[in-house]
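Chemist: This is the structure, below, for whatever I ask next.
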Amino acid sequence: MEEQIISKEELIQLFETQKIEDTGRGWLMEGKAVEIIALHDIEPKFLQDVTNAKFYKLIIKGNK
């Protein structure tokens with residue numbers, strides 16, 4: 001598994017350029033399943049919105 005830390009802006013750009021695509025059942029990047037994890041500076045119990053993170057971790061899992 002490959003991991004990357006990217007900013008919110010980079011993540012948005014990956015979706016806009018369709019480098020990451022939403023299949024309705026998950027996300028694919030270059031034909032491989034990708035898990036997107038929001039990285040927050042606050043405790044998880046205080047989270048209201050997972051889309052408000054400044055950084056995200058992408059975990060590329062391999063073939064779909």
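FYI, nothing fancy with the structure tokens labels: chains A, B, ... in order, residues from 1 per chain, ligands from 1 as they appear.
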Write out as a PyMOL selection string which residues come within 6 Å of stretch 33-38 of chain A when counting only C-alpha atoms, dropping same-chain ones fewer than 3 positions away.

Modeler: chain A and resi 27-28+53+56-62+64

Chemist: Record the distance separating atom CA of A:Asp41 and atom CA of A:Gly24, expressed in Å with one decimal.

Modeler: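 Distance reported for this atom pair: 28.7 Å.
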
Chemist: Between atom CA of A:His40 and atom CA of A:Phe55, what distance in Å does the model show, to one decimal?

Modeler: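 Taking atom CA of A:His40 as the start and atom CA of A:Phe55 as the end point, the length is 7.3 Å.
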
Chemist: Residues of stretch 5-35 of chain A classed as strand (DSSP E or B) by DSSP on the backbone are to be reported as a PDB file with C-alpha atoms, in the first residue's frame.

Modeler:
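And here's selection_11.pdb as it stands now:
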ATOM      1  CA  ILE A   5      -0.430  13.274   2.498  1.00  0.00           C
ATOM      2  CA  ILE A   6      -2.022  15.999   0.386  1.00  0.00           C
ATOM      3  CA  SER A   7      -3.726  19.326   1.024  1.00  0.00           C
ATOM      4  CA  ILE A  20      -9.475  10.316  -8.698  1.00  0.00           C
ATOM      5  CA  GLU A  21     -12.890   9.143  -9.768  1.00  0.00           C
ATOM      6  CA  ASP A  22     -15.934   8.392  -7.631  1.00  0.00           C
ATOM      7  CA  TRP A  27     -12.724   5.964  -5.210  1.00  0.00           C
ATOM      8  CA  LEU A  28     -10.277   4.915  -7.900  1.00  0.00           C
ATOM      9  CA  MET A  29      -6.935   6.460  -8.795  1.00  0.00           C
ATOM     10  CA  LYS A  32      -6.547   1.277  -8.068  1.00  0.00           C
ATOM     11  CA  ALA A  33      -8.800   1.559  -5.030  1.00  0.00           C
ATOM     12  CA  VAL A  34      -8.022   4.582  -2.867  1.00  0.00           C
ATOM     13  CA  GLU A  35      -8.983   5.284   0.735  1.00  0.00           C
TER      14      GLU A  35
END

Chemist: Report, in Å with one decimal, the straight-line distance from atom CA of A:Leu14 to atom CA of A:Glu30.

Modeler: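 Between atom CA of A:Leu14 and atom CA of A:Glu30 the gap is 11.3 Å.
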